[in-house]
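Data file: input-v1.cif. Format and content: mmCIF, C-alpha atoms and all ligand atoms.
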data_start
loop_
_atom_site.group_PDB
_atom_site.id
_atom_site.type_symbol
_atom_site.label_atom_id
_atom_site.label_comp_id
_atom_site.auth_asym_id
_atom_site.auth_seq_id
_atom_site.Cartn_x
_atom_site.Cartn_y
_atom_site.Cartn_z
ATOM 1 C CA MET A 1 76.446 113.957 194.593
ATOM 2 C CA ALA A 2 76.722 117.271 196.436
ATOM 3 C CA VAL A 3 74.977 117.634 199.768
ATOM 4 C CA GLU A 4 72.010 119.927 200.088
ATOM 5 C CA GLN A 5 73.219 122.645 202.401
ATOM 6 C CA ASP A 6 70.176 123.634 204.374
ATOM 7 C CA LYS A 7 71.954 124.617 207.555
ATOM 8 C CA ALA A 8 75.361 125.697 208.796
ATOM 9 C CA GLN A 9 76.793 125.659 212.267
ATOM 10 C CA VAL A 10 78.726 128.529 213.783
ATOM 11 C CA TYR A 11 80.844 126.267 216.052
ATOM 12 C CA PRO A 12 80.834 128.365 219.210
ATOM 13 C CA PRO A 13 83.917 127.930 221.406
ATOM 14 C CA GLU A 14 84.045 125.034 223.879
ATOM 15 C CA PRO A 15 85.527 125.477 227.391
ATOM 16 C CA ASP A 16 88.299 122.945 226.722
ATOM 17 C CA ASP A 17 89.333 124.873 223.633
ATOM 18 C CA LEU A 18 89.332 128.227 225.424
ATOM 19 C CA LEU A 19 91.415 126.659 228.179
ATOM 20 C CA GLU A 20 94.336 126.393 225.735
ATOM 21 C CA TYR A 21 94.621 130.180 225.796
ATOM 22 C CA LEU A 22 94.451 130.659 229.559
ATOM 23 C CA PRO A 23 97.578 130.710 231.757
ATOM 24 C CA GLY A 24 96.886 127.255 233.204
ATOM 25 C CA VAL A 25 98.331 128.006 236.642
ATOM 26 C CA ASP A 26 95.054 127.414 238.522
ATOM 27 C CA CYS A 27 95.828 130.190 240.982
ATOM 28 C CA GLY A 28 92.186 130.856 241.878
ATOM 29 C CA SER A 29 92.569 134.642 241.787
ATOM 30 C CA CYS A 30 89.616 134.959 239.416
ATOM 31 C CA GLY A 31 87.314 133.469 242.050
ATOM 32 C CA TYR A 32 87.130 130.040 240.412
ATOM 33 C CA PRO A 33 89.013 126.910 241.512
ATOM 34 C CA GLY A 34 91.036 126.798 238.323
ATOM 35 C CA CYS A 35 91.331 127.875 234.708
ATOM 36 C CA ALA A 36 88.951 125.150 233.467
ATOM 37 C CA GLU A 37 86.123 126.400 235.666
ATOM 38 C CA PHE A 38 86.905 129.975 234.667
ATOM 39 C CA ALA A 39 86.723 129.048 230.965
ATOM 40 C CA GLU A 40 83.296 127.506 231.501
ATOM 41 C CA ALA A 41 82.079 130.567 233.398
ATOM 42 C CA VAL A 42 83.330 133.015 230.762
ATOM 43 C CA LEU A 43 81.621 131.160 227.925
ATOM 44 C CA ALA A 44 78.423 130.888 229.974
ATOM 45 C CA ARG A 45 78.594 134.678 230.471
ATOM 46 C CA LYS A 46 78.818 134.184 234.233
ATOM 47 C CA ALA A 47 82.284 135.667 234.696
ATOM 48 C CA PRO A 48 83.980 138.651 233.067
ATOM 49 C CA ALA A 49 87.001 137.656 230.987
ATOM 50 C CA THR A 50 88.940 140.433 232.695
ATOM 51 C CA ALA A 51 88.806 138.567 236.025
ATOM 52 C CA CYS A 52 91.912 136.516 235.186
ATOM 53 C CA THR A 53 94.688 138.363 236.978
ATOM 54 C CA GLU A 54 97.435 136.415 235.216
ATOM 55 C CA LEU A 55 96.614 137.711 231.747
ATOM 56 C CA GLN A 56 97.991 141.102 230.794
ATOM 57 C CA GLY A 57 98.148 143.428 227.806
ATOM 58 C CA GLU A 58 97.172 142.138 224.398
ATOM 59 C CA GLU A 59 96.211 138.673 225.629
ATOM 60 C CA ALA A 60 93.792 140.124 228.190
ATOM 61 C CA ARG A 61 92.352 142.537 225.639
ATOM 62 C CA VAL A 62 91.747 139.878 222.972
ATOM 63 C CA LEU A 63 90.242 137.454 225.487
ATOM 64 C CA ALA A 64 87.839 140.154 226.687
ATOM 65 C CA ALA A 65 86.867 141.069 223.112
ATOM 66 C CA THR A 66 86.344 137.398 222.238
ATOM 67 C CA ALA A 67 84.058 136.884 225.223
ATOM 68 C CA GLU A 68 81.873 139.757 224.043
ATOM 69 C CA LEU A 69 81.209 138.222 220.619
ATOM 70 C CA GLY A 70 77.782 136.777 219.915
ATOM 71 C CA TRP A 71 77.468 133.290 218.430
ATOM 72 C CA GLU A 72 73.944 133.338 217.071
ATOM 73 C CA PRO A 73 72.894 130.629 214.579
ATOM 74 C CA ILE A 74 73.115 131.376 210.880
ATOM 75 C CA PRO A 75 69.705 132.145 209.356
ATOM 76 C CA PHE A 76 68.389 129.529 206.926
ATOM 77 C CA ASP A 77 67.462 131.959 204.189
ATOM 78 C CA VAL A 78 71.048 132.865 203.326
ATOM 79 C CA MET A 79 72.404 129.396 202.614
ATOM 80 C CA MET A 80 74.677 129.034 199.583
ATOM 81 C CA GLU A 81 75.049 132.760 199.086
ATOM 82 C CA GLN A 82 78.561 133.506 197.943
ATOM 83 C CA ALA A 83 81.110 136.145 198.836
ATOM 84 C CA PRO A 84 83.689 137.316 196.278
ATOM 85 C CA CYS A 85 86.943 135.335 196.326
ATOM 86 C CA GLU A 86 88.942 138.474 196.933
ATOM 87 C CA LEU A 87 91.317 139.480 199.694
ATOM 88 C CA VAL A 88 89.625 141.111 202.651
ATOM 89 C CA GLU A 89 91.861 143.477 204.591
ATOM 90 C CA ILE A 90 90.991 143.593 208.270
ATOM 91 C CA ASN A 91 92.349 146.325 210.554
ATOM 92 C CA GLY A 92 95.059 147.458 208.145
ATOM 93 C CA PRO A 93 97.271 144.364 207.849
ATOM 94 C CA GLY A 94 100.955 144.968 207.073
ATOM 95 C CA PRO A 95 103.436 142.565 205.463
ATOM 96 C CA GLY A 96 103.850 140.703 208.764
ATOM 97 C CA ALA A 97 100.142 139.924 209.028
ATOM 98 C CA PRO A 98 98.800 136.376 208.838
ATOM 99 C CA LEU A 99 96.896 135.019 205.835
ATOM 100 C CA VAL A 100 93.690 133.281 206.885
ATOM 101 C CA VAL A 101 92.048 131.104 204.235
ATOM 102 C CA THR A 102 88.399 130.093 204.327
ATOM 103 C CA GLY A 103 85.480 129.192 202.046
ATOM 104 C CA ASN A 104 83.285 131.691 200.233
ATOM 105 C CA PHE A 105 79.967 131.086 201.988
ATOM 106 C CA ARG A 106 78.884 134.677 202.532
ATOM 107 C CA GLU A 107 77.998 134.189 206.192
ATOM 108 C CA THR A 108 81.368 132.595 206.931
ATOM 109 C CA VAL A 109 83.150 135.596 205.480
ATOM 110 C CA ARG A 110 80.858 138.042 207.257
ATOM 111 C CA ILE A 111 81.228 136.349 210.639
ATOM 112 C CA LEU A 112 85.001 135.979 210.378
ATOM 113 C CA THR A 113 85.344 139.591 209.294
ATOM 114 C CA GLU A 114 83.306 140.656 212.299
ATOM 115 C CA ILE A 115 85.221 138.432 214.742
ATOM 116 C CA LEU A 116 88.612 139.561 213.501
ATOM 117 C CA GLY A 117 87.540 143.174 213.163
ATOM 118 C CA ARG A 118 86.060 143.476 216.642
ATOM 119 C CA THR A 119 89.024 141.825 218.322
ATOM 120 C CA GLY A 120 91.465 144.192 216.594
ATOM 121 C CA SER A 121 93.183 141.377 214.678
ATOM 122 C CA ARG A 122 95.247 142.533 211.676
ATOM 123 C CA VAL A 123 94.628 139.891 209.051
ATOM 124 C CA LEU A 124 94.413 139.232 205.331
ATOM 125 C CA LEU A 125 91.367 137.017 204.837
ATOM 126 C CA LEU A 126 91.157 135.000 201.623
ATOM 127 C CA PRO A 127 87.861 133.286 200.754
ATOM 128 C CA THR A 128 88.438 130.501 198.215
ATOM 129 C CA CYS A 129 85.666 129.279 195.939
ATOM 130 C CA THR A 130 83.532 126.646 197.673
ATOM 131 C CA ASN A 131 80.420 127.540 195.647
ATOM 132 C CA GLY A 132 78.821 129.036 198.723
ATOM 133 C CA TYR A 133 79.275 125.945 200.883
ATOM 134 C CA SER A 134 80.277 126.452 204.495
ATOM 135 C CA VAL A 135 83.675 124.996 205.404
ATOM 136 C CA ASP A 136 82.351 121.809 207.028
ATOM 137 C CA ASN A 137 80.222 120.931 203.992
ATOM 138 C CA ALA A 138 82.891 122.128 201.573
ATOM 139 C CA VAL A 139 85.498 119.837 203.128
ATOM 140 C CA HIS A 140 83.066 116.935 202.963
ATOM 141 C CA GLU A 141 82.394 117.630 199.285
ATOM 142 C CA ARG A 142 86.079 118.330 198.497
ATOM 143 C CA MET A 143 85.203 121.858 197.441
ATOM 144 C CA PHE A 144 87.625 123.305 199.940
ATOM 145 C CA ASN A 145 90.737 121.903 198.312
ATOM 146 C CA ALA A 146 94.315 122.677 197.343
ATOM 147 C CA SER A 147 93.492 123.575 193.733
ATOM 148 C CA GLU A 148 91.004 126.246 194.772
ATOM 149 C CA VAL A 149 93.361 127.624 197.402
ATOM 150 C CA LEU A 150 96.154 127.885 194.829
ATOM 151 C CA ARG A 151 93.828 129.483 192.306
ATOM 152 C CA ALA A 152 92.674 132.120 194.797
ATOM 153 C CA MET A 153 96.270 132.844 195.791
ATOM 154 C CA ARG A 154 97.308 133.342 192.162
ATOM 155 C CA GLU A 155 94.328 135.502 191.273
ATOM 156 C CA THR A 156 94.866 137.770 194.266
ATOM 157 C CA GLU A 157 98.690 137.720 193.988
ATOM 158 C CA VAL A 158 98.787 137.460 197.748
ATOM 159 C CA GLU A 159 102.420 136.321 197.776
ATOM 160 C CA HIS A 160 103.434 139.920 197.052
ATOM 161 C CA ARG A 161 101.642 141.148 200.169
ATOM 162 C CA LEU A 162 103.291 139.123 202.898
ATOM 163 C CA GLU A 163 106.785 138.639 204.278
ATOM 164 C CA ARG A 164 106.469 134.936 204.971
ATOM 165 C CA PRO A 165 104.645 132.215 203.013
ATOM 166 C CA VAL A 166 102.450 130.990 205.838
ATOM 167 C CA MET A 167 98.674 130.503 205.783
ATOM 168 C CA ILE A 168 96.132 129.433 208.374
ATOM 169 C CA ILE A 169 93.356 127.087 207.286
ATOM 170 C CA PRO A 170 90.202 126.278 209.292
ATOM 171 C CA GLY A 171 90.497 123.486 211.848
ATOM 172 C CA LEU A 172 87.718 121.643 210.017
ATOM 173 C CA ALA A 173 89.912 121.573 206.902
ATOM 174 C CA SER A 174 92.855 119.807 208.553
ATOM 175 C CA PRO A 175 92.576 116.769 206.192
ATOM 176 C CA GLU A 176 93.522 119.099 203.328
ATOM 177 C CA ARG A 177 96.644 120.472 205.010
ATOM 178 C CA ASN A 178 99.271 118.329 203.323
ATOM 179 C CA ARG A 179 97.782 118.652 199.845
ATOM 180 C CA ILE A 180 97.590 122.444 200.211
ATOM 181 C CA ARG A 181 101.170 122.575 201.425
ATOM 182 C CA GLN A 182 102.420 120.437 198.549
ATOM 183 C CA MET A 183 100.561 122.382 195.894
ATOM 184 C CA THR A 184 101.163 125.927 197.141
ATOM 185 C CA ARG A 185 104.598 125.327 198.728
ATOM 186 C CA TRP A 186 103.487 127.534 201.608
ATOM 187 C CA GLU A 187 103.590 126.514 205.219
ATOM 188 C CA VAL A 188 100.060 125.581 206.269
ATOM 189 C CA VAL A 189 98.986 125.977 209.872
ATOM 190 C CA VAL A 190 95.732 124.393 211.037
ATOM 191 C CA GLY A 191 93.667 126.896 212.989
ATOM 192 C CA PRO A 192 90.915 126.264 215.539
ATOM 193 C CA VAL A 193 87.617 124.601 214.651
ATOM 194 C CA SER A 194 85.750 127.518 216.191
ATOM 195 C CA GLY A 195 86.345 130.736 214.291
ATOM 196 C CA PHE A 196 85.567 132.605 217.498
ATOM 197 C CA LEU A 197 88.897 131.409 218.881
ATOM 198 C CA LEU A 198 90.814 132.541 215.799
ATOM 199 C CA PRO A 199 91.935 135.888 217.306
ATOM 200 C CA LEU A 200 93.423 134.124 220.352
ATOM 201 C CA PHE A 201 95.001 131.490 218.103
ATOM 202 C CA LEU A 202 96.587 134.186 215.937
ATOM 203 C CA LEU A 203 97.934 136.010 218.955
ATOM 204 C CA HIS A 204 99.488 132.858 220.429
ATOM 205 C CA ASN A 205 101.070 131.751 217.160
ATOM 206 C CA ARG A 206 102.182 135.094 215.708
ATOM 207 C CA HIS A 207 105.839 134.025 215.762
ATOM 208 C CA LEU A 208 105.019 131.736 212.816
ATOM 209 C CA TRP A 209 104.407 134.575 210.322
ATOM 210 C CA SER A 210 105.910 137.770 211.738
HETATM 211 S S1 LIG A 301 93.068 133.898 237.576
HETATM 212 FE FE1 LIG A 301 93.611 133.169 235.524
HETATM 213 S S2 LIG A 301 95.336 131.764 235.873
HETATM 214 FE FE2 LIG A 301 94.310 132.035 237.849
HETATM 215 S S3 LIG A 301 92.793 130.338 237.952
HETATM 216 FE FE3 LIG A 301 91.735 132.124 237.137
HETATM 217 S S4 LIG A 301 91.904 131.845 234.895
HETATM 218 FE FE4 LIG A 301 93.461 130.521 235.812
#
Is it possible to give me this structure as structure tokens?
Ligand code: SF4
Amino acid sequence: MAVEQDKAQVYPPEPDDLLEYLPGVDCGSCGYPGCAEFAEAVLARKAPATACTELQGEEARVLAATAELGWEPIPFDVMMEQAPCELVEINGPGPGAPLVVTGNFRETVRILTEILGRTGSRVLLLPTCTNGYSVDNAVHERMFNASEVLRAMRETEVEHRLERPVMIIPGLASPERNRIRQMTRWEVVVGPVSGFLLPLFLLHNRHLWS
């Protein structure tokens, strides 16, 4: 029996997860003893993300934009509302852009679009039909599954849009990775649990699809 979805979490980033995207040299130039303390301070809004002197260029810009995102809870009155299972183009993605797959809970699609848009990430976002369930509930109920991913890919003909058959699925959907890979014959990369870290994840792994 399907779960009643009366709430959804936004999974704000954790310091340990943000730490993966910091230089890790513990130089102390930011005013903190090491990168772990700096990650905590950035997420607590006590330190500007720009204080890391070891990050330059695009990495510094995306980190700063990520730190400025809000991670407010999802309002209860929008649960189960669905977004269309259609490709969403964010920041003019070209053929070397990544394909990010998610569920079709309207708030998930809205929040991801905002995160990716505000961090300047060039992405094709593909919501698959989860009947309005958020990804965590959809994985639990097997609504985020390989058949729906394949169906959405066929209906949108996304294979004609991209140079390389690589997709990123939500970290919460990692149990579905092998089935999706077998059914679609695309390479499937498991992204972060927190969608707020998706722009940094995409930047660090861009060699996989471009
Ligand atoms: S300046 Fe950057 S690399 Fe150095 S400790 Fe701070 S966060 Fe780590």
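With only C-alpha atoms as the basis for measurement, A:Gly191 is the residue among A:Gly57, A:Gly191, A:Gly120, A:Gly103 that approaches A:Ile169 most closely.
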*asked:* Just want the residues within 7 Å of ligand LIG 301 (chain A), written as a PyMOL selection string, counting all atoms listed in the file.
replied: chain A and resi 22-35+38+51-55
*Kindly indicate which residue among A:Val42, A:Pro127, A:Ile115, A:Ser121 lies nearest to A:Ala83, using all atoms listed in the file for the distances.*
A:Pro127
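Nearest residue to A:Pro175 among A:Val139, A:Arg206, A:Gly94, A:Thr156 is A:Val139, counting only C-alpha atoms.
Closest approach to A:Ile180 among A:Thr128, A:Ser210, A:Ser194, A:Ser147: A:Ser147, based on all atoms listed in the file.
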*Explicit residue set for the PyMOL selection byres (((chain A and resi 70) around 10) and not hetatm), as number ranges by chain*: A: 12, 66-69, 71-73, 111, 115, 196
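Ranking A:Asn131, A:Thr119, A:Thr102, A:Asn178 by their shortest atom-to-atom distance to A:Val62, with only C-alpha atoms included, puts A:Thr119 first.
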